[in-house]
>>> print(open('protein23.csv').read())   # CSV, C-alpha atoms
chain,number,residue,atom,x,y,z
A,1,MET,CA,143.3,53.2,-52.2
A,2,LYS,CA,140.4,51.4,-50.6
A,3,LYS,CA,141.0,53.2,-47.4
A,4,SER,CA,140.8,56.6,-49.2
A,5,LEU,CA,137.5,55.5,-50.9
A,6,ARG,CA,136.0,54.6,-47.5
A,7,ILE,CA,137.0,58.0,-46.0
A,8,LEU,CA,135.5,59.8,-49.1
A,9,SER,CA,132.3,57.8,-48.9
A,10,LEU,CA,132.0,58.6,-45.2
A,11,VAL,CA,132.5,62.3,-45.8
A,12,ILE,CA,129.8,62.3,-48.6
A,13,LEU,CA,127.4,60.5,-46.3
A,14,ILE,CA,127.9,63.1,-43.5
A,15,VAL,CA,127.5,66.1,-45.9
A,16,GLY,CA,124.5,64.6,-47.5
A,17,GLY,CA,122.8,63.9,-44.2
A,18,PHE,CA,123.5,67.5,-43.0
A,19,TYR,CA,122.0,68.9,-46.3
A,20,TYR,CA,118.9,66.7,-45.9
A,21,PHE,CA,118.1,67.7,-42.4
A,22,THR,CA,118.8,71.4,-43.0
A,23,THR,CA,116.8,71.8,-46.2
A,24,HIS,CA,113.8,69.6,-45.5
A,25,HIS,CA,113.0,71.0,-42.0
A,26,HIS,CA,112.0,67.7,-40.4
A,27,ASP,CA,112.3,67.3,-36.6
A,28,TRP,CA,114.4,64.5,-35.2
A,29,LYS,CA,111.4,62.2,-34.7
A,30,GLY,CA,110.6,62.3,-38.4
A,31,ALA,CA,107.4,64.5,-37.7
A,32,THR,CA,105.7,66.7,-40.3
A,33,PRO,CA,107.5,70.0,-41.3
A,34,LEU,CA,107.2,73.0,-39.0
A,35,GLU,CA,105.4,75.0,-41.6
A,36,GLU,CA,101.8,73.9,-41.1
A,37,VAL,CA,99.2,73.9,-43.9
A,38,VAL,CA,96.7,76.7,-43.5
A,39,THR,CA,93.0,76.0,-44.2
A,40,ARG,CA,91.3,79.1,-45.6
A,41,PRO,CA,87.5,79.6,-45.6
A,42,ALA,CA,85.7,80.7,-48.7
A,43,HIS,CA,84.5,83.9,-46.9
A,44,VAL,CA,84.6,85.6,-43.4
A,45,GLU,CA,81.6,86.2,-41.4
A,46,ILE,CA,81.6,89.1,-38.8
A,47,THR,CA,79.0,90.6,-36.5
A,48,GLU,CA,78.1,94.1,-37.6
A,49,ALA,CA,76.0,96.8,-35.8
A,50,ALA,CA,72.4,96.7,-37.1
A,51,GLU,CA,72.0,100.5,-37.2
A,52,PRO,CA,74.3,103.5,-37.6
A,53,GLN,CA,76.3,104.4,-34.5
A,54,SER,CA,74.6,106.7,-32.0
A,55,PHE,CA,76.0,108.7,-29.1
A,56,ASP,CA,74.8,109.1,-25.6
A,57,SER,CA,74.0,112.5,-24.2
A,58,GLU,CA,77.5,113.0,-22.7
A,59,GLU,CA,79.3,112.0,-25.8
A,60,GLN,CA,77.1,114.3,-27.9
A,61,THR,CA,77.9,117.2,-25.6
A,62,ASN,CA,81.6,116.5,-26.1
A,63,ILE,CA,81.2,116.4,-29.8
A,64,ASN,CA,79.1,119.6,-29.8
A,65,VAL,CA,81.7,121.5,-27.8
A,66,TYR,CA,84.5,120.4,-30.1
A,67,LYS,CA,82.7,121.2,-33.3
A,68,LYS,CA,81.6,124.6,-32.0
A,69,VAL,CA,85.0,125.8,-30.7
A,70,LEU,CA,87.6,124.1,-33.0
A,71,PRO,CA,87.3,126.8,-35.7
A,72,SER,CA,88.2,129.4,-33.1
A,73,VAL,CA,91.4,127.7,-31.9
A,74,VAL,CA,94.7,128.3,-33.5
A,75,ASN,CA,98.2,126.9,-33.4
A,76,ILE,CA,100.9,129.5,-32.7
A,77,THR,CA,104.5,129.0,-33.8
A,78,SER,CA,106.9,131.6,-32.4
A,79,ARG,CA,110.3,131.8,-34.1
A,80,THR,CA,113.4,133.0,-32.3
A,81,VAL,CA,117.1,133.0,-32.8
A,82,GLN,CA,119.6,132.3,-29.9
A,83,PHE,CA,123.3,132.3,-30.0
A,84,ASP,CA,125.8,129.5,-29.2
A,85,PHE,CA,129.1,129.7,-27.5
A,86,PHE,CA,130.8,131.0,-30.7
A,87,TYR,CA,128.0,133.6,-31.2
A,88,GLY,CA,126.5,131.6,-34.0
A,89,GLU,CA,122.8,131.9,-34.7
A,90,VAL,CA,120.7,128.9,-33.5
A,91,PRO,CA,117.1,129.1,-34.9
A,92,GLN,CA,114.4,127.8,-32.5
A,93,GLU,CA,110.7,127.4,-32.6
A,94,GLY,CA,108.1,127.4,-29.8
A,95,GLN,CA,104.6,126.0,-30.0
A,96,GLY,CA,101.5,127.3,-28.3
A,97,SER,CA,97.8,127.8,-28.7
A,98,GLY,CA,95.4,130.7,-28.8
A,99,PHE,CA,91.8,131.5,-29.7
A,100,ILE,CA,90.2,134.1,-32.0
A,101,ILE,CA,88.2,136.8,-30.1
A,102,ASP,CA,86.8,139.0,-32.9
A,103,ARG,CA,86.4,139.2,-36.7
A,104,GLU,CA,89.3,141.7,-37.0
A,105,GLY,CA,91.7,138.8,-36.4
A,106,HIS,CA,92.6,139.5,-32.8
A,107,ILE,CA,93.8,136.3,-31.0
A,108,LEU,CA,94.2,135.9,-27.2
A,109,THR,CA,97.1,133.8,-26.0
A,110,ASN,CA,99.7,133.6,-23.2
A,111,TYR,CA,102.4,136.2,-23.0
A,112,HIS,CA,105.1,133.5,-22.6
A,113,VAL,CA,104.0,131.9,-25.9
A,114,VAL,CA,105.1,135.0,-27.9
A,115,ALA,CA,107.5,136.8,-25.5
A,116,ASP,CA,110.7,135.6,-27.2
A,117,ALA,CA,109.5,135.6,-30.8
A,118,ASN,CA,112.1,137.9,-32.3
A,119,ARG,CA,111.9,136.3,-35.7
A,120,GLY,CA,108.2,136.2,-36.3
A,121,ILE,CA,105.0,134.5,-35.3
A,122,GLU,CA,103.0,132.1,-37.5
A,123,VAL,CA,99.4,131.3,-36.9
A,124,THR,CA,97.7,128.1,-38.3
A,125,THR,CA,94.0,127.9,-38.2
A,126,SER,CA,92.0,124.7,-37.9
A,127,ASP,CA,91.5,124.5,-41.7
A,128,LYS,CA,95.3,124.6,-42.1
A,129,LYS,CA,95.5,128.2,-43.3
A,130,LYS,CA,98.7,130.0,-42.3
A,131,TYR,CA,99.2,133.6,-41.4
A,132,ARG,CA,101.9,135.9,-40.2
A,133,ALA,CA,100.9,137.6,-36.9
A,134,GLN,CA,102.0,140.6,-35.0
A,135,VAL,CA,101.8,141.3,-31.3
A,136,VAL,CA,99.4,144.2,-30.6
A,137,GLY,CA,99.3,144.0,-26.7
A,138,LYS,CA,101.3,142.5,-23.9
A,139,ASP,CA,100.5,142.0,-20.2
A,140,PRO,CA,103.4,140.1,-18.6
A,141,VAL,CA,101.9,140.5,-15.1
A,142,ASN,CA,98.8,138.4,-16.0
A,143,ASP,CA,100.7,136.4,-18.7
A,144,LEU,CA,98.4,137.6,-21.4
A,145,ALA,CA,99.0,138.8,-25.0
A,146,VAL,CA,96.9,139.7,-28.0
A,147,ILE,CA,98.2,139.0,-31.5
A,148,GLN,CA,96.5,139.8,-34.8
A,149,ILE,CA,96.3,138.3,-38.2
A,150,HIS,CA,95.0,139.9,-41.4
A,151,GLY,CA,93.5,138.9,-44.7
A,152,ASP,CA,90.7,136.5,-43.6
A,153,THR,CA,87.1,137.8,-43.4
A,154,ALA,CA,85.6,134.5,-42.4
A,155,LEU,CA,87.0,134.2,-39.0
A,156,ASP,CA,84.9,132.4,-36.3
A,157,PRO,CA,85.4,134.1,-32.9
A,158,ALA,CA,85.1,132.1,-29.7
A,159,THR,CA,82.3,133.0,-27.2
A,160,LEU,CA,83.8,134.4,-24.0
A,161,GLY,CA,81.9,133.2,-20.9
A,162,ASP,CA,81.8,134.3,-17.3
A,163,SER,CA,84.3,132.9,-14.8
A,164,LYS,CA,82.7,134.5,-11.7
A,165,ARG,CA,80.3,131.6,-10.9
A,166,LEU,CA,82.4,128.5,-11.5
A,167,ALA,CA,82.0,125.5,-9.3
A,168,VAL,CA,84.4,122.8,-8.2
A,169,GLY,CA,83.2,119.6,-9.9
A,170,GLN,CA,82.0,121.4,-13.0
A,171,LYS,CA,82.9,119.7,-16.3
A,172,VAL,CA,85.5,121.5,-18.5
A,173,TYR,CA,87.1,121.0,-21.8
A,174,ALA,CA,90.5,122.0,-23.1
A,175,ILE,CA,91.3,122.4,-26.8
A,176,GLY,CA,94.7,123.2,-28.1
A,177,ASN,CA,97.9,121.8,-29.7
A,178,PRO,CA,99.7,119.7,-27.1
A,179,PHE,CA,103.1,118.7,-28.4
A,180,GLY,CA,102.2,120.3,-31.7
A,181,LEU,CA,99.2,117.9,-32.3
A,182,ALA,CA,96.7,120.4,-33.6
A,183,GLY,CA,93.0,120.3,-32.7
A,184,THR,CA,93.3,118.1,-29.6
A,185,MET,CA,90.5,118.1,-27.0
A,186,THR,CA,90.7,116.7,-23.4
A,187,ARG,CA,88.0,116.7,-20.8
A,188,GLY,CA,87.9,116.9,-17.0
A,189,ILE,CA,86.5,118.8,-14.1
A,190,ILE,CA,87.3,121.9,-12.1
A,191,SER,CA,89.4,120.5,-9.3
A,192,SER,CA,89.8,123.8,-7.3
A,193,ILE,CA,89.7,127.6,-7.6
A,194,ARG,CA,92.6,129.0,-5.8
A,195,PRO,CA,95.3,131.8,-5.8
A,196,VAL,CA,98.5,130.4,-7.2
A,197,ARG,CA,101.9,131.7,-8.2
A,198,GLY,CA,102.8,130.9,-11.8
A,199,PRO,CA,106.2,129.8,-13.2
A,200,ASN,CA,107.2,133.4,-13.9
A,201,GLY,CA,106.6,134.3,-10.3
A,202,ASN,CA,103.5,136.3,-10.9
A,203,TYR,CA,100.4,135.8,-8.8
A,204,ILE,CA,97.2,134.5,-10.5
A,205,ASP,CA,94.2,135.4,-8.5
A,206,GLU,CA,91.4,132.7,-8.5
A,207,ALA,CA,93.3,130.4,-10.9
A,208,ILE,CA,91.2,127.5,-12.2
A,209,GLN,CA,92.7,124.2,-11.4
A,210,THR,CA,91.6,121.3,-13.6
A,211,ASP,CA,92.4,117.6,-14.1
A,212,ALA,CA,91.8,117.9,-17.9
A,213,ALA,CA,95.0,116.8,-19.5
A,214,ILE,CA,97.1,119.9,-20.3
A,215,ASN,CA,100.5,119.5,-21.9
A,216,PRO,CA,103.2,121.6,-23.5
A,217,GLY,CA,101.6,123.3,-26.5
A,218,ASN,CA,98.2,123.8,-24.7
A,219,SER,CA,99.4,127.1,-23.3
A,220,GLY,CA,97.1,129.9,-24.5
A,221,GLY,CA,94.3,127.6,-25.5
A,222,PRO,CA,90.8,127.9,-24.2
A,223,LEU,CA,89.3,126.1,-21.2
A,224,LEU,CA,85.6,125.7,-21.9
A,225,ASN,CA,82.3,124.9,-20.2
A,226,SER,CA,79.8,122.4,-21.5
A,227,ARG,CA,78.2,125.2,-23.6
A,228,GLY,CA,81.4,125.8,-25.5
A,229,GLU,CA,82.0,129.1,-23.8
A,230,VAL,CA,85.6,130.1,-22.9
A,231,ILE,CA,85.9,130.3,-19.1
A,232,GLY,CA,89.7,130.3,-18.8
A,233,MET,CA,93.0,130.3,-20.6
A,234,ASN,CA,95.2,127.2,-20.1
A,235,THR,CA,98.5,128.5,-18.8
A,236,PHE,CA,100.8,126.1,-17.0
A,237,ILE,CA,101.0,122.7,-15.2
A,238,PHE,CA,102.6,121.4,-12.1
A,239,SER,CA,104.6,118.3,-13.1
A,240,GLU,CA,108.0,116.9,-12.4
A,241,ALA,CA,107.9,115.1,-15.7
A,242,GLY,CA,107.0,118.1,-17.8
A,243,GLN,CA,103.7,116.7,-18.9
A,244,SER,CA,100.2,116.4,-17.6
A,245,ALA,CA,99.9,115.0,-14.1
A,246,GLY,CA,96.3,116.2,-13.4
A,247,LEU,CA,97.4,119.6,-12.1
A,248,GLY,CA,96.7,122.1,-14.8
A,249,PHE,CA,95.9,125.8,-14.2
A,250,ALA,CA,94.0,128.4,-16.3
A,251,ILE,CA,93.7,132.1,-16.0
A,252,PRO,CA,90.0,133.0,-15.4
A,253,ILE,CA,88.6,134.6,-18.5
A,254,ASN,CA,87.2,137.6,-16.5
A,255,ALA,CA,90.7,138.6,-15.7
A,256,ALA,CA,91.5,138.6,-19.4
A,257,LYS,CA,88.3,140.4,-20.4
A,258,ALA,CA,89.1,143.2,-17.9
A,259,VAL,CA,92.3,144.1,-19.8
A,260,LEU,CA,91.4,143.3,-23.4
A,261,ASN,CA,90.3,146.8,-24.3
A,262,ASP,CA,93.6,148.3,-23.1
A,263,LEU,CA,95.7,145.6,-24.8
A,264,ILE,CA,94.0,146.2,-28.2
A,265,THR,CA,93.7,149.9,-28.1
A,266,ILE,CA,96.9,151.0,-26.4
A,267,GLY,CA,99.1,147.9,-26.3
A,268,THR,CA,99.5,147.7,-22.6
A,269,VAL,CA,97.4,147.7,-19.4
A,270,ARG,CA,96.6,150.8,-17.4
A,271,ARG,CA,97.0,149.2,-14.0
A,272,PRO,CA,95.3,150.9,-11.1
A,273,SER,CA,97.0,152.2,-8.0
A,274,LEU,CA,96.2,153.9,-4.7
A,275,GLY,CA,99.7,155.4,-4.8
A,276,VAL,CA,100.9,154.4,-1.4
A,277,VAL,CA,103.9,152.6,0.2
A,278,THR,CA,102.7,150.3,2.9
A,279,LEU,CA,103.7,147.9,5.7
A,280,PRO,CA,101.6,144.8,6.6
A,281,ILE,CA,100.5,144.8,10.2
A,282,GLY,CA,99.9,141.8,12.4
A,283,PRO,CA,98.9,141.6,16.1
A,284,GLU,CA,102.4,141.9,17.5
A,285,LEU,CA,103.3,145.0,15.5
A,286,ALA,CA,99.9,146.5,16.2
A,287,ASP,CA,100.4,146.1,19.9
A,288,GLN,CA,103.9,147.6,19.8
A,289,MET,CA,102.7,150.6,17.7
A,290,GLY,CA,99.5,151.1,19.7
A,291,LEU,CA,97.3,150.8,16.6
A,292,ALA,CA,93.5,150.6,16.7
A,293,SER,CA,93.4,147.3,14.7
A,294,ASP,CA,95.5,144.2,14.9
A,295,TYR,CA,95.6,143.8,11.1
A,296,GLY,CA,95.8,146.0,8.0
A,297,VAL,CA,98.4,147.8,6.0
A,298,LEU,CA,100.0,150.9,7.5
A,299,ILE,CA,100.6,153.8,5.0
A,300,LEU,CA,104.3,154.8,5.3
A,301,GLN,CA,104.2,157.2,2.4
A,302,VAL,CA,101.7,158.7,0.0
A,303,VAL,CA,103.0,159.3,-3.5
A,304,PRO,CA,102.6,163.0,-4.5
A,305,GLY,CA,99.8,163.5,-7.0
A,306,SER,CA,98.5,160.0,-6.5
A,307,ALA,CA,94.9,158.8,-6.0
A,308,ALA,CA,95.5,158.4,-2.2
A,309,GLU,CA,96.8,162.0,-1.9
A,310,ARG,CA,93.7,163.3,-3.8
A,311,ALA,CA,91.4,161.4,-1.5
A,312,GLY,CA,93.1,162.8,1.6
A,313,LEU,CA,94.9,159.6,2.9
A,314,ARG,CA,98.0,160.3,5.0
A,315,GLY,CA,101.4,158.7,5.2
A,316,GLY,CA,103.7,158.6,8.2
A,317,ASN,CA,105.5,161.6,9.8
A,318,GLU,CA,107.5,160.0,12.6
A,319,ARG,CA,110.8,158.3,11.8
A,320,ALA,CA,111.4,154.9,13.3
A,321,TYR,CA,113.3,151.6,12.7
A,322,LEU,CA,111.9,148.1,12.2
A,323,GLY,CA,115.0,146.0,12.6
A,324,ASN,CA,117.5,147.7,10.2
A,325,MET,CA,114.7,149.2,8.0
A,326,GLN,CA,113.8,152.8,8.4
A,327,ILE,CA,110.0,153.4,8.4
A,328,MET,CA,107.6,156.3,9.0
A,329,LEU,CA,104.9,155.9,11.6
A,330,GLY,CA,101.8,157.9,12.1
A,331,GLY,CA,100.1,157.2,8.8
A,332,ASP,CA,96.6,155.8,8.2
A,333,LEU,CA,96.0,152.1,8.7
A,334,ILE,CA,93.9,150.6,5.8
A,335,VAL,CA,91.8,147.7,7.0
A,336,ALA,CA,89.4,147.1,4.1
A,337,ILE,CA,88.8,148.0,0.5
A,338,ASP,CA,85.3,147.6,-1.0
A,339,GLY,CA,84.3,145.7,2.2
A,340,GLU,CA,87.1,143.1,1.9
A,341,ASN,CA,89.6,142.8,4.8
A,342,ILE,CA,93.1,143.9,3.9
A,343,GLN,CA,95.9,142.2,5.8
A,344,ASP,CA,98.9,142.6,3.4
A,345,GLN,CA,99.9,143.8,0.0
A,346,GLN,CA,98.7,140.6,-1.6
A,347,ASP,CA,95.2,141.3,-0.4
A,348,MET,CA,95.5,144.8,-2.0
A,349,ALA,CA,96.7,143.3,-5.3
A,350,HIS,CA,93.7,140.9,-5.1
A,351,VAL,CA,91.3,143.9,-5.1
A,352,MET,CA,93.3,145.9,-7.7
A,353,ASN,CA,93.3,143.1,-10.2
A,354,ARG,CA,89.5,143.5,-10.4
A,355,HIS,CA,89.8,147.2,-11.3
A,356,ARG,CA,91.2,149.5,-13.9
A,357,ALA,CA,92.6,153.0,-13.7
A,358,GLY,CA,89.7,155.4,-13.2
A,359,ASP,CA,87.6,153.1,-11.1
A,360,THR,CA,86.5,154.2,-7.6
A,361,VAL,CA,87.1,152.0,-4.6
A,362,HIS,CA,85.8,152.4,-1.0
A,363,VAL,CA,88.6,152.4,1.5
A,364,THR,CA,88.1,151.8,5.3
A,365,PHE,CA,91.0,153.0,7.5
A,366,TYR,CA,92.0,154.1,11.0
A,367,ARG,CA,93.5,157.5,11.6
A,368,GLY,CA,94.8,157.1,15.1
A,369,LYS,CA,91.8,155.5,17.0
A,370,ARG,CA,89.2,157.0,14.7
A,371,LYS,CA,87.7,154.8,12.0
A,372,MET,CA,87.1,156.6,8.7
A,373,GLU,CA,86.1,155.9,5.1
A,374,ALA,CA,86.9,157.4,1.8
A,375,ASP,CA,86.1,156.9,-1.9
A,376,VAL,CA,89.3,156.8,-3.9
A,377,ALA,CA,89.4,157.2,-7.7
A,378,LEU,CA,92.3,154.9,-8.8
A,379,SER,CA,95.1,156.4,-10.8
A,380,GLU,CA,97.3,154.6,-13.3
A,381,ARG,CA,100.2,152.9,-11.7
A,382,GLN,CA,103.6,154.2,-12.7
A,383,ARG,CA,106.5,153.2,-10.5
A,384,GLU,CA,104.8,153.7,-7.1
A,385,GLN,CA,103.6,150.7,-5.1
A,386,ALA,CA,99.8,150.0,-5.0
>>> encode(input="protein23.csv", output="structure tokens")
Amino acid sequence: MKKSLRILSLVILIVGGFYYFTTHHHDWKGATPLEEVVTRPAHVEITEAAEPQSFDSEEQTNINVYKKVLPSVVNITSRTVQFDFFYGEVPQEGQGSGFIIDREGHILTNYHVVADANRGIEVTTSDKKKYRAQVVGKDPVNDLAVIQIHGDTALDPATLGDSKRLAVGQKVYAIGNPFGLAGTMTRGIISSIRPVRGPNGNYIDEAIQTDAAINPGNSGGPLLNSRGEVIGMNTFIFSEAGQSAGLGFAIPINAAKAVLNDLITIGTVRRPSLGVVTLPIGPELADQMGLASDYGVLILQVVPGSAAERAGLRGGNERAYLGNMQIMLGGDLIVAIDGENIQDQQDMAHVMNRHRAGDTVHVTFYRGKRKMEADVALSERQREQA
């Protein structure tokens, strides 16, 4: 019996000791509890600015650009339906930006922002108003589109600037809706002005390269100068990660202005054409063919009824083979248009992009060994090559 009482007493002692040390939070040295006593002051003193916050001139420019242009920038949501493996409908949404260009509600954006919108387009303005929009004009070649909203008479159009005299190093601003975050502005400089091929394979002449942060959702938004004038439309980025890496590109606004009237009035672009099928010529081919110039584009065929035919330009009349390709020799060799040297079809496209159907260009060419010139009134391109 005594042995049992001793065992019971020992058990009680062990349990009691465990309870004491786990509930009173003392350390093994008998120090004070881990929870320290906090001493609180009667009030807190901080150092505040003596005057209201002011901005330096650079900050004020940023603020002025943002305030001026933000009401013109819109968020564009394009809704589409795709189909899964079982032909079930899968609704999807795409986000982009755009900017208002007149008080009739026309909005300029990228073609790829609205290209797949088979279930409607919604526009949200900076003051959170929402509108249904319709596409009124498409230009897939230049990745441009015009959409229109109705019902608001208080629209604030953006001011379209001039992209002809831009300079590398010039400060630029991008406003848009990256990742759906509306009304975001970033700042940078023009890093370069260069020809570049876009993601859709189309060639952008004199694209504006900038290090201003451009991300998914910025497409279609304005690129601005320090006066808040639109000088370009943010279009795509070069990035392996799918987000800004300091290589953003914008379509120069002059390229958009050149086709705006066509997009709004007829819904498409009347692209100009000489109406010729051509072959680029280099020194080796020029030597083999006995041509008068070691560069240019040789006219293989003149399209009947085209601008070139009306101007008296001639195609080839002598059948020959270049490798396995049959060509016609003996045609005129175009070496310049409007004073710019022409070495291939890309050079011709460079000139054509600055013109519309009906414009007149000055063509310099060789007929045999004789150098000649002609003024050509450009026709509208159908299926012939320019």
>>> atom_distance(input="protein23.csv", atom1="CA of Ile204 in chain A", atom2="CA of Ala255 in chain A")
9.3 Å
>>> residues_near_point(input="protein23.csv", point="(93.7, 126.2, -14.3)", cutoff="6 Å", atoms="only C-alpha atoms", output="mmCIF file with C-alpha atoms, in the coordinates of the input")
data_model
loop_
_atom_site.group_PDB
_atom_site.id
_atom_site.type_symbol
_atom_site.label_atom_id
_atom_site.label_comp_id
_atom_site.auth_asym_id
_atom_site.auth_seq_id
_atom_site.Cartn_x
_atom_site.Cartn_y
_atom_site.Cartn_z
ATOM 1 C CA ALA A 207 93.300 130.400 -10.900
ATOM 2 C CA ILE A 208 91.200 127.500 -12.200
ATOM 3 C CA GLN A 209 92.700 124.200 -11.400
ATOM 4 C CA THR A 210 91.600 121.300 -13.600
ATOM 5 C CA GLY A 248 96.700 122.100 -14.800
ATOM 6 C CA PHE A 249 95.900 125.800 -14.200
ATOM 7 C CA ALA A 250 94.000 128.400 -16.300
#
>>> closest_residue(input="protein23.csv", among="A:Ser219, A:Ser379, A:Asn341, A:Asn254", to="Thr77 in chain A", atoms="only C-alpha atoms")
A:Ser219
>>> atom_distance(input="protein23.csv", atom1="CA of Lys138 in chain A", atom2="CA of Gly275 in chain A")
23.1 Å
>>> residues_around(input="protein23.csv", residues="Ile266 in chain A", least_positions_apart="3", cutoff="10 Å", atoms="all atoms listed in the file", output="PyMOL selection string")
chain A and resi 136-138+260-263+269-270
>>> residues_around(input="protein23.csv", residues="range 180-186 of chain A", least_positions_apart="5", cutoff="9 Å", atoms="all atoms listed in the file", output="ChimeraX atom specification")
/A:66,70,73-75,95-97,126,172-175,212-214,216-218
>>> residues_around(input="protein23.csv", residues="Asn317 in chain A", least_positions_apart="2", cutoff="12 Å", atoms="all atoms listed in the file", output="list in words")
Ile299, Leu300, Gln301, Val302, Arg314, Gly315, Arg319, Ala320, Ile327, Met328, Leu329, Gly330, Gly331 and Asp332 of chain A
>>> atom_distance(input="protein23.csv", atom1="CA of Asn225 in chain A", atom2="CA of Val69 in chain A")
10.9 Å
>>> residues_around(input="protein23.csv", residues="Val361 in chain A", least_positions_apart="2", cutoff="8 Å", atoms="only C-alpha atoms", output="MDAnalysis selection string")
chainID A and resid 337:338 359 363 375:378
>>> closest_residue(input="protein23.csv", among="A:Gln326, A:Gln345, A:Thr153, A:Thr235", to="Val297 in chain A", atoms="all atoms listed in the file")
A:Gln345
>>> closest_residue(input="protein23.csv", among="A:Gln343, A:Ser306, A:Ser293, A:Ser54", to="Arg367 in chain A", atoms="only C-alpha atoms")
A:Ser293
>>> closest_residue(input="protein23.csv", among="A:Glu340, A:Glu284, A:Asp211, A:Asp162", to="Gly232 in chain A", atoms="only C-alpha atoms")
A:Asp162
>>> residues_around(input="protein23.csv", residues="Arg271 in chain A", least_positions_apart="6", cutoff="7 Å", atoms="all atoms listed in the file", output="compact mmCIF listing (two decimals) with C-alpha atoms, in the coordinates of the input")
# COMPACT_ATOMS: atom_id res chain seq x y z
CA ARG A 356 91.20 149.50 -13.90
CA ALA A 357 92.60 153.00 -13.70
CA GLU A 380 97.30 154.60 -13.30
CA ARG A 381 100.20 152.90 -11.70
>>> decode(input="protein23.csv", residues="range 106-119 of chain A", atoms="N, CA and C atoms", output="short mmCIF file (atom, residue, chain, number, x, y, z; two decimals), in the first residue's frame")
data_model
loop_
_atom_site.label_atom_id
_atom_site.label_comp_id
_atom_site.auth_asym_id
_atom_site.auth_seq_id
_atom_site.Cartn_x
_atom_site.Cartn_y
_atom_site.Cartn_z
N HIS A 106 -15.45 57.59 -82.77
CA HIS A 106 -14.51 56.69 -83.44
C HIS A 106 -13.27 56.50 -82.57
N ILE A 107 -12.84 55.26 -82.46
CA ILE A 107 -11.71 54.87 -81.61
C ILE A 107 -10.72 54.10 -82.46
N LEU A 108 -9.46 54.50 -82.38
CA LEU A 108 -8.40 53.81 -83.12
C LEU A 108 -7.74 52.79 -82.21
N THR A 109 -7.52 51.60 -82.74
CA THR A 109 -6.89 50.53 -81.97
C THR A 109 -6.16 49.61 -82.93
N ASN A 110 -5.58 48.53 -82.41
CA ASN A 110 -4.95 47.52 -83.25
C ASN A 110 -5.99 46.57 -83.81
N TYR A 111 -5.74 46.12 -85.03
CA TYR A 111 -6.63 45.12 -85.63
C TYR A 111 -6.65 43.84 -84.80
N HIS A 112 -5.49 43.43 -84.28
CA HIS A 112 -5.46 42.15 -83.56
C HIS A 112 -6.21 42.21 -82.23
N VAL A 113 -6.52 43.43 -81.74
CA VAL A 113 -7.30 43.55 -80.51
C VAL A 113 -8.75 43.13 -80.73
N VAL A 114 -9.28 43.40 -81.93
CA VAL A 114 -10.71 43.14 -82.19
C VAL A 114 -10.94 42.10 -83.27
N ALA A 115 -9.88 41.53 -83.82
CA ALA A 115 -10.01 40.65 -84.98
C ALA A 115 -10.91 39.45 -84.71
N ASP A 116 -10.84 38.88 -83.52
CA ASP A 116 -11.59 37.65 -83.22
C ASP A 116 -12.84 37.89 -82.38
N ALA A 117 -13.28 39.13 -82.31
CA ALA A 117 -14.41 39.46 -81.43
C ALA A 117 -15.73 39.09 -82.11
N ASN A 118 -16.06 37.79 -82.09
CA ASN A 118 -17.30 37.34 -82.73
C ASN A 118 -18.51 37.39 -81.80
N ARG A 119 -18.30 37.78 -80.56
CA ARG A 119 -19.41 37.90 -79.62
C ARG A 119 -19.49 39.30 -78.99
#
